[in-house]
Amino acid sequence: MYRFRKDLEAKKAVEINVPHKKVMMCLNESTLNPLEAVKDQLLENLKLVPLNRYFNDITPKLKNKLAEYVGHGIKPSQILFGNGADEMLYYIFTSVRESVRSYAVSLAPSYFDYKSYCDAVGLGFEPIELNKDFNFSVEDYLEKLNHPNCKLGILCNPNNPTGNLIPDKKIVHILENTDKLVLLDETYFEFSGITFADVLHKYPNLVIVRSFSKAFSVAGLRFGYLITSEENAIEIGKVMTAFHSSLMIQTFAYTILENKEIFLTHTEKVKDIRNKLYLWMLSQDYITVYPSHTNFLIFTIGDSTPELFDYLSDNEVALRPVWGHPLLKNHIRISIGTQEEIEKFMQLFLKFIDRF
Ligand SMILES: Cc1ncc(COP(=O)(O)O)c(C=O)c1O
């Protein structure tokens with residue numbers, strides 16, 4: 001007898017399938033050690049947050065600090081935070097799911113876990129395929145979005161894994177031609193510099209999701225947040241558990257914002273390394289690479305890409321295959337590591353290509 005929700009039976013167990021190599025350039029993580037960067041201040045701040053209590057005023061302080069960081073007149077009451085952008089996605093999906101027929105529309109290829117979390121909460125998932133230049137038909141997207149069973153539009157900007165930005169005009173067109181909730185995933189915002197937070201007041205159907213895992217270097221801490229209207233924040237908040245965010249994590253996130261310049265300066269360095277790697281890849285005969293507004297690049301060397309991937313892996317360099325979608329056949333993704341890690345990658349690449 002199956003004792004769980006019927007649709008879960010066919011779903012695969014969540015599996016985090018990541019190679020563990022000396023050089024990890026596979027999960028778009030940061031190379032900056034956050035504890036080293038803010039240790040003294042974190043300890044001072046933690047002294048003011050007794051963990052024998054459920055409540056502490058670090059919570060409103062953090063919301064104020066986040067609102068100040070987001071800017072554009074966003075109020076603390078327009079922000080919800082939790083354990084990573086992932087948890088915010090999960091809460092949004094849970095809050096819109098109406099019946100077995102409900103679904104979300106997204107782009108493909110895009111962030112893989114949109115589908116996983118939709119499956120987890122019993123929300124259907126309908127992808128709109130990107131074309132060869134990573135563009136898509138807004139009319140097809142709107143047709144799916146405006147269907148009565150569709151409860152949510154998802155747009156990842158910049159998109160993971162393609163790295164490109166969706167033109168602002170397209171996003172505006174979608175927002176202005178639907179009443180449905182539209183989730184704009186700005187996980188890589190600090191790398192792109194492009195946000196819709198400044199026009200949020202115009203669109204009551206817009207929810208922006210952001211992460212501290214990339215520019216703010218704390219993937220392992222698990223901290224993310226969403227920005228929306230006060231009314232939407234109240235509704236999404238209804239599916240959240242009480243005290244879901246640990247006071248320790250909140251204090252760490254607060255300390256990061258107090259020291260944001262360290263992380264934003266590092267972000268500029270990452271962008272610089274990314275731009276140089278992009279130009280180097282462009283100069284290589286065998287590589288096809290794409291511009292990126294994130295902390296990663298995707299590229300291909302054609303049919304030999306899987307072999308290159310294995311060769312790098314055998315030499316302790318882990319990248320990420322993104323060839324699961326036909327559009328990205330033979331493509332792999334490299335997260336921007338340290339200068340030394342990128343140089344190691346280049347040397348291995350040249351050695352590999354030498355055989356041809
Ligand atoms: C587009 C996108 N959204 C969300 C996430 C999840 O971020 P977090 O670590 O904050 O849960 C990621 C992580 O790689 C991502 O690439």
# chains A, B, ... in the order shown; residues from 1 in each chain; ligands from 1
$ residues_around --residues "A:Lys12" --least-positions-apart "4" --cutoff "12 Å" --atoms "only C-alpha atoms" --output "list in words"
Asp7, Leu8, Ile16, Lys115, Ser116, Tyr117, Asp119 and Ala120 of chain A
$ select_by_dssp --residues "stretch 39-276 of chain A" --states "alpha helix (DSSP H)" --output "count of residues only"
102
$ closest_atom_pairs --of "chain A" --to "ligand 1" --cutoff "8 Å" --atoms "only C-alpha atoms and all ligand atoms" --output "JSON lines"
{"residue": "A:Leu27", "atom": "CA", "partner": "ligand 1", "partner_atom_place_in_ligand_line": "14 (O)", "distance": 6.4}
{"residue": "A:Asn28", "atom": "CA", "partner": "ligand 1", "partner_atom_place_in_ligand_line": "14 (O)", "distance": 6.2}
{"residue": "A:Glu29", "atom": "CA", "partner": "ligand 1", "partner_atom_place_in_ligand_line": "14 (O)", "distance": 7.9}
{"residue": "A:Asn83", "atom": "CA", "partner": "ligand 1", "partner_atom_place_in_ligand_line": "11 (O)", "distance": 6.8}
{"residue": "A:Gly84", "atom": "CA", "partner": "ligand 1", "partner_atom_place_in_ligand_line": "10 (O)", "distance": 3.4}
{"residue": "A:Ala85", "atom": "CA", "partner": "ligand 1", "partner_atom_place_in_ligand_line": "10 (O)", "distance": 3.7}
{"residue": "A:Asp86", "atom": "CA", "partner": "ligand 1", "partner_atom_place_in_ligand_line": "11 (O)", "distance": 3.8}
{"residue": "A:Glu87", "atom": "CA", "partner": "ligand 1", "partner_atom_place_in_ligand_line": "11 (O)", "distance": 6.4}
{"residue": "A:Leu89", "atom": "CA", "partner": "ligand 1", "partner_atom_place_in_ligand_line": "4 (C)", "distance": 7.8}
{"residue": "A:Ser110", "atom": "CA", "partner": "ligand 1", "partner_atom_place_in_ligand_line": "1 (C)", "distance": 7.5}
{"residue": "A:Tyr111", "atom": "CA", "partner": "ligand 1", "partner_atom_place_in_ligand_line": "1 (C)", "distance": 5.1}
{"residue": "A:Asp113", "atom": "CA", "partner": "ligand 1", "partner_atom_place_in_ligand_line": "4 (C)", "distance": 7.8}
{"residue": "A:Cys156", "atom": "CA", "partner": "ligand 1", "partner_atom_place_in_ligand_line": "1 (C)", "distance": 5.9}
{"residue": "A:Asn157", "atom": "CA", "partner": "ligand 1", "partner_atom_place_in_ligand_line": "1 (C)", "distance": 7.7}
{"residue": "A:Pro158", "atom": "CA", "partner": "ligand 1", "partner_atom_place_in_ligand_line": "1 (C)", "distance": 7.7}
{"residue": "A:Asn159", "atom": "CA", "partner": "ligand 1", "partner_atom_place_in_ligand_line": "1 (C)", "distance": 6.4}
{"residue": "A:Asn160", "atom": "CA", "partner": "ligand 1", "partner_atom_place_in_ligand_line": "1 (C)", "distance": 5.1}
{"residue": "A:Pro161", "atom": "CA", "partner": "ligand 1", "partner_atom_place_in_ligand_line": "16 (O)", "distance": 7.6}
{"residue": "A:Asp185", "atom": "CA", "partner": "ligand 1", "partner_atom_place_in_ligand_line": "3 (N)", "distance": 6.0}
{"residue": "A:Glu186", "atom": "CA", "partner": "ligand 1", "partner_atom_place_in_ligand_line": "1 (C)", "distance": 7.1}
{"residue": "A:Thr187", "atom": "CA", "partner": "ligand 1", "partner_atom_place_in_ligand_line": "3 (N)", "distance": 5.3}
{"residue": "A:Tyr188", "atom": "CA", "partner": "ligand 1", "partner_atom_place_in_ligand_line": "1 (C)", "distance": 7.2}
{"residue": "A:Val209", "atom": "CA", "partner": "ligand 1", "partner_atom_place_in_ligand_line": "3 (N)", "distance": 7.9}
{"residue": "A:Arg210", "atom": "CA", "partner": "ligand 1", "partner_atom_place_in_ligand_line": "10 (O)", "distance": 7.0}
{"residue": "A:Ser211", "atom": "CA", "partner": "ligand 1", "partner_atom_place_in_ligand_line": "10 (O)", "distance": 4.1}
{"residue": "A:Phe212", "atom": "CA", "partner": "ligand 1", "partner_atom_place_in_ligand_line": "10 (O)", "distance": 5.8}
{"residue": "A:Ser213", "atom": "CA", "partner": "ligand 1", "partner_atom_place_in_ligand_line": "9 (O)", "distance": 4.8}
{"residue": "A:Lys214", "atom": "CA", "partner": "ligand 1", "partner_atom_place_in_ligand_line": "9 (O)", "distance": 7.5}
{"residue": "A:Ala219", "atom": "CA", "partner": "ligand 1", "partner_atom_place_in_ligand_line": "9 (O)", "distance": 5.2}
{"residue": "A:Gly220", "atom": "CA", "partner": "ligand 1", "partner_atom_place_in_ligand_line": "9 (O)", "distance": 7.8}
{"residue": "A:Arg222", "atom": "CA", "partner": "ligand 1", "partner_atom_place_in_ligand_line": "9 (O)", "distance": 6.1}
{"residue": "A:Phe223", "atom": "CA", "partner": "ligand 1", "partner_atom_place_in_ligand_line": "10 (O)", "distance": 5.8}
{"residue": "A:Gly224", "atom": "CA", "partner": "ligand 1", "partner_atom_place_in_ligand_line": "10 (O)", "distance": 5.0}
$ write_last_selection --atoms "N, CA and C atoms" --output "mmCIF file, in the first residue's frame"
data_model
loop_
_atom_site.group_PDB
_atom_site.id
_atom_site.type_symbol
_atom_site.label_atom_id
_atom_site.label_comp_id
_atom_site.auth_asym_id
_atom_site.auth_seq_id
_atom_site.Cartn_x
_atom_site.Cartn_y
_atom_site.Cartn_z
ATOM 1 N N LEU A 27 29.148 24.162 -9.439
ATOM 2 C CA LEU A 27 27.871 24.551 -8.819
ATOM 3 C C LEU A 27 27.686 26.068 -8.712
ATOM 4 N N ASN A 28 28.466 26.801 -9.458
ATOM 5 C CA ASN A 28 28.358 28.277 -9.447
ATOM 6 C C ASN A 28 28.509 28.859 -8.048
ATOM 7 N N GLU A 29 29.407 28.229 -7.287
ATOM 8 C CA GLU A 29 29.671 28.735 -5.935
ATOM 9 C C GLU A 29 30.711 29.848 -5.991
ATOM 10 N N ASN A 83 15.595 29.722 3.656
ATOM 11 C CA ASN A 83 16.788 28.902 3.425
ATOM 12 C C ASN A 83 17.123 28.773 1.945
ATOM 13 N N GLY A 84 17.680 29.817 1.413
ATOM 14 C CA GLY A 84 18.086 29.803 0.012
ATOM 15 C C GLY A 84 16.941 30.247 -0.895
ATOM 16 N N ALA A 85 17.330 30.646 -2.120
ATOM 17 C CA ALA A 85 16.316 30.977 -3.129
ATOM 18 C C ALA A 85 15.419 29.762 -3.335
ATOM 19 N N ASP A 86 16.009 28.576 -3.240
ATOM 20 C CA ASP A 86 15.235 27.339 -3.434
ATOM 21 C C ASP A 86 14.010 27.282 -2.524
ATOM 22 N N GLU A 87 14.203 27.625 -1.261
ATOM 23 C CA GLU A 87 13.063 27.549 -0.348
ATOM 24 C C GLU A 87 11.998 28.591 -0.717
ATOM 25 N N LEU A 89 11.351 29.546 -3.748
ATOM 26 C CA LEU A 89 10.632 28.962 -4.897
ATOM 27 C C LEU A 89 9.575 27.991 -4.388
ATOM 28 N N SER A 110 16.301 25.807 -18.443
ATOM 29 C CA SER A 110 16.442 26.816 -17.403
ATOM 30 C C SER A 110 16.833 26.081 -16.122
ATOM 31 N N TYR A 111 16.711 26.751 -14.997
ATOM 32 C CA TYR A 111 17.150 26.151 -13.732
ATOM 33 C C TYR A 111 16.386 24.842 -13.498
ATOM 34 N N ASP A 113 15.840 22.861 -11.081
ATOM 35 C CA ASP A 113 15.016 22.568 -9.902
ATOM 36 C C ASP A 113 13.623 23.208 -9.920
ATOM 37 N N CYS A 156 13.859 33.152 -15.509
ATOM 38 C CA CYS A 156 15.149 33.188 -14.818
ATOM 39 C C CYS A 156 16.017 34.225 -15.529
ATOM 40 N N ASN A 157 16.420 35.273 -14.804
ATOM 41 C CA ASN A 157 17.075 36.406 -15.467
ATOM 42 C C ASN A 157 18.248 36.961 -14.651
ATOM 43 N N PRO A 158 19.499 36.709 -15.074
ATOM 44 C CA PRO A 158 19.915 35.929 -16.227
ATOM 45 C C PRO A 158 19.613 34.449 -16.034
ATOM 46 N N ASN A 159 19.536 33.776 -17.182
ATOM 47 C CA ASN A 159 19.095 32.381 -17.134
ATOM 48 C C ASN A 159 20.257 31.429 -16.830
ATOM 49 N N ASN A 160 19.989 30.486 -15.962
ATOM 50 C CA ASN A 160 20.901 29.372 -15.722
ATOM 51 C C ASN A 160 20.301 28.170 -16.443
ATOM 52 N N PRO A 161 20.982 27.501 -17.367
ATOM 53 C CA PRO A 161 22.417 27.526 -17.614
ATOM 54 C C PRO A 161 22.882 28.348 -18.816
ATOM 55 N N ASP A 185 13.419 35.190 -11.349
ATOM 56 C CA ASP A 185 14.524 34.669 -10.538
ATOM 57 C C ASP A 185 15.790 35.488 -10.826
ATOM 58 N N GLU A 186 16.173 36.318 -9.848
ATOM 59 C CA GLU A 186 17.365 37.170 -10.003
ATOM 60 C C GLU A 186 18.511 36.655 -9.135
ATOM 61 N N THR A 187 18.676 35.335 -9.118
ATOM 62 C CA THR A 187 19.740 34.735 -8.309
ATOM 63 C C THR A 187 21.125 35.295 -8.669
ATOM 64 N N TYR A 188 21.324 35.637 -9.949
ATOM 65 C CA TYR A 188 22.641 36.134 -10.396
ATOM 66 C C TYR A 188 22.639 37.657 -10.555
ATOM 67 N N VAL A 209 12.900 36.779 -6.879
ATOM 68 C CA VAL A 209 13.602 35.899 -5.941
ATOM 69 C C VAL A 209 15.105 36.126 -6.091
ATOM 70 N N ARG A 210 15.792 36.201 -4.950
ATOM 71 C CA ARG A 210 17.248 36.386 -4.985
ATOM 72 C C ARG A 210 17.935 35.450 -3.997
ATOM 73 N N SER A 211 19.248 35.342 -4.141
ATOM 74 C CA SER A 211 20.010 34.361 -3.357
ATOM 75 C C SER A 211 21.258 34.996 -2.737
ATOM 76 N N PHE A 212 21.703 34.455 -1.611
ATOM 77 C CA PHE A 212 23.002 34.844 -1.045
ATOM 78 C C PHE A 212 24.083 33.815 -1.405
ATOM 79 N N SER A 213 23.729 32.830 -2.248
ATOM 80 C CA SER A 213 24.674 31.729 -2.529
ATOM 81 C C SER A 213 25.746 32.092 -3.546
ATOM 82 N N LYS A 214 25.516 33.147 -4.309
ATOM 83 C CA LYS A 214 26.427 33.445 -5.422
ATOM 84 C C LYS A 214 27.331 34.620 -5.033
ATOM 85 N N ALA A 219 26.684 29.759 -0.085
ATOM 86 C CA ALA A 219 25.821 28.667 -0.577
ATOM 87 C C ALA A 219 25.494 27.691 0.549
ATOM 88 N N GLY A 220 26.491 27.405 1.379
ATOM 89 C CA GLY A 220 26.302 26.424 2.451
ATOM 90 C C GLY A 220 25.506 26.956 3.632
ATOM 91 N N ARG A 222 22.718 28.745 3.340
ATOM 92 C CA ARG A 222 21.330 28.680 2.886
ATOM 93 C C ARG A 222 20.571 29.952 3.267
ATOM 94 N N PHE A 223 20.660 30.939 2.409
ATOM 95 C CA PHE A 223 19.883 32.154 2.627
ATOM 96 C C PHE A 223 19.462 32.753 1.282
ATOM 97 N N GLY A 224 18.161 33.028 1.175
ATOM 98 C CA GLY A 224 17.621 33.666 -0.021
ATOM 99 C C GLY A 224 16.414 34.490 0.391
#
$ residues_around --residues "stretch 328-338 of chain A" --least-positions-apart "2" --cutoff "6 Å" --atoms "only C-alpha atoms" --output "list in words"
Met25, Cys26, Asn28, Asn295, Phe296, Leu297, Ile298, Phe299, Thr300, Gly302, Thr305, Leu319, Arg320, Pro321, Val322, Trp323, His325, Pro326, Glu340 and Glu341 of chain A
$ closest_residue --among "A:Ala233, A:Ile166, A:Leu348, A:Met88" --to "A:Asp314" --atoms "only C-alpha atoms"
A:Leu348
$ atom_distance --atom1 "atom CA of A:Tyr286" --atom2 "atom CA of A:Ile301"
5.5 Å
$ select_by_dssp --residues "stretch 56-186 of chain A" --states "strand (DSSP E)" --output "PyMOL selection string"
chain A and resi 79-82+103-108+124-129+150-156+181-185
$ write_last_selection --atoms "C-alpha atoms" --output "compact mmCIF listing (two decimals), in the first residue's frame"
# COMPACT_ATOMS: atom_id res chain seq x y z
CA ILE A 79 10.44 41.02 1.75
CA LEU A 80 10.32 37.39 2.90
CA PHE A 81 13.46 35.36 3.51
CA GLY A 82 14.37 31.74 4.06
CA TYR A 103 0.68 24.21 -13.60
CA ALA A 104 3.53 26.70 -13.94
CA VAL A 105 5.11 27.80 -17.20
CA SER A 106 8.84 28.24 -17.53
CA LEU A 107 11.55 28.31 -20.17
CA ALA A 108 13.69 25.35 -21.23
CA GLY A 124 2.42 20.78 -13.19
CA PHE A 125 5.28 22.18 -15.24
CA GLU A 126 5.05 23.37 -18.85
CA PRO A 127 8.25 24.49 -20.55
CA ILE A 128 8.52 26.89 -23.48
CA GLU A 129 11.55 25.95 -25.54
CA CYS A 150 -1.74 28.08 -15.24
CA LYS A 151 -0.98 29.62 -11.85
CA LEU A 152 2.53 30.97 -12.31
CA GLY A 153 5.00 32.19 -14.90
CA ILE A 154 8.69 31.61 -14.16
CA LEU A 155 11.50 33.59 -15.78
CA CYS A 156 15.15 33.19 -14.82
CA LEU A 181 1.81 35.78 -10.79
CA VAL A 182 5.22 36.06 -12.50
CA LEU A 183 8.30 34.86 -10.66
CA LEU A 184 11.48 36.57 -11.80
CA ASP A 185 14.52 34.67 -10.54
$ closest_residue --among "A:Glu235, A:Asp303, A:Glu44, A:Asp198" --to "A:Ile287" --atoms "only C-alpha atoms"
A:Asp303
$ residues_around --residues "A:Phe349" --least-positions-apart "6" --cutoff "9 Å" --atoms "only C-alpha atoms" --output "tab-separated table (two decimals) with C-alpha atoms, in the first residue's frame"
chain	number	residue	atom	x	y	z
A	308	LEU	CA	36.98	16.59	-22.30
A	311	TYR	CA	39.57	14.21	-18.81
A	312	LEU	CA	39.11	17.27	-16.59
$ atom_distance --atom1 "atom CA of A:Gln250" --atom2 "atom CA of A:Glu68"
15.7 Å
$ residues_around --residues "A:Asn52" --least-positions-apart "4" --cutoff "12 Å" --atoms "only C-alpha atoms" --output "ChimeraX atom specification"
/A:48,56,246-248
$ write_last_selection --atoms "C-alpha atoms" --output "CSV table (one decimal), in the first residue's frame"
chain,number,residue,atom,x,y,z
A,48,LEU,CA,23.4,39.8,21.0
A,56,ASN,CA,15.1,38.1,18.4
A,246,SER,CA,17.4,30.1,12.1
A,247,LEU,CA,18.5,33.1,14.1
A,248,MET,CA,22.1,32.0,13.5
$ closest_residue --among "A:Ala253, A:Ile342, A:Val199, A:Leu175" --to "A:Lys63" --atoms "only C-alpha atoms"
A:Ala253
$ decode --residues "stretch 173-237 of chain A" --atoms "C-alpha atoms" --output "short mmCIF file (atom, residue, chain, number, x, y, z; two decimals), in the first residue's frame"
data_model
loop_
_atom_site.label_atom_id
_atom_site.label_comp_id
_atom_site.auth_asym_id
_atom_site.auth_seq_id
_atom_site.Cartn_x
_atom_site.Cartn_y
_atom_site.Cartn_z
CA HIS A 173 5.33 42.68 -22.22
CA ILE A 174 4.65 39.51 -20.23
CA LEU A 175 3.92 41.40 -17.01
CA GLU A 176 1.56 43.76 -18.78
CA ASN A 177 -0.36 41.06 -20.61
CA THR A 178 -1.25 38.75 -17.76
CA ASP A 179 -2.85 38.87 -14.33
CA LYS A 180 -1.01 35.71 -13.30
CA LEU A 181 1.81 35.78 -10.79
CA VAL A 182 5.22 36.06 -12.50
CA LEU A 183 8.30 34.86 -10.66
CA LEU A 184 11.48 36.57 -11.80
CA ASP A 185 14.52 34.67 -10.54
CA GLU A 186 17.36 37.17 -10.00
CA THR A 187 19.74 34.73 -8.31
CA TYR A 188 22.64 36.13 -10.40
CA PHE A 189 21.56 39.78 -10.01
CA GLU A 190 24.88 41.03 -8.60
CA PHE A 191 26.66 39.74 -11.72
CA SER A 192 24.17 41.18 -14.23
CA GLY A 193 23.34 44.45 -12.46
CA ILE A 194 19.84 44.13 -13.97
CA THR A 195 16.80 44.10 -11.72
CA PHE A 196 13.06 44.70 -11.85
CA ALA A 197 12.97 45.83 -8.20
CA ASP A 198 12.80 49.45 -9.41
CA VAL A 199 9.52 48.86 -11.27
CA LEU A 200 7.99 46.41 -8.82
CA HIS A 201 5.43 49.02 -7.71
CA LYS A 202 3.98 49.00 -11.25
CA TYR A 203 3.35 45.24 -11.33
CA PRO A 204 1.18 43.74 -8.59
CA ASN A 205 1.79 40.29 -10.15
CA LEU A 206 5.60 40.36 -9.87
CA VAL A 207 7.68 38.36 -7.37
CA ILE A 208 11.46 38.64 -7.49
CA VAL A 209 13.60 35.90 -5.94
CA ARG A 210 17.25 36.39 -4.99
CA SER A 211 20.01 34.36 -3.36
CA PHE A 212 23.00 34.84 -1.04
CA SER A 213 24.67 31.73 -2.53
CA LYS A 214 26.43 33.45 -5.42
CA ALA A 215 27.74 37.01 -4.99
CA PHE A 216 27.40 36.83 -1.20
CA SER A 217 29.40 33.58 -1.04
CA VAL A 218 27.24 31.60 1.40
CA ALA A 219 25.82 28.67 -0.58
CA GLY A 220 26.30 26.42 2.45
CA LEU A 221 24.62 28.86 4.85
CA ARG A 222 21.33 28.68 2.89
CA PHE A 223 19.88 32.15 2.63
CA GLY A 224 17.62 33.67 -0.02
CA TYR A 225 14.78 36.16 -0.16
CA LEU A 226 11.88 37.38 -2.24
CA ILE A 227 10.64 40.88 -3.00
CA THR A 228 7.02 41.55 -3.94
CA SER A 229 4.02 43.68 -2.96
CA GLU A 230 3.05 43.73 0.71
CA GLU A 231 -0.21 41.94 -0.19
CA ASN A 232 1.59 39.12 -2.06
CA ALA A 233 4.12 38.76 0.77
CA ILE A 234 1.25 38.20 3.23
CA GLU A 235 -0.28 35.48 1.02
CA ILE A 236 3.00 33.63 0.35
CA GLY A 237 3.84 33.93 4.06
#
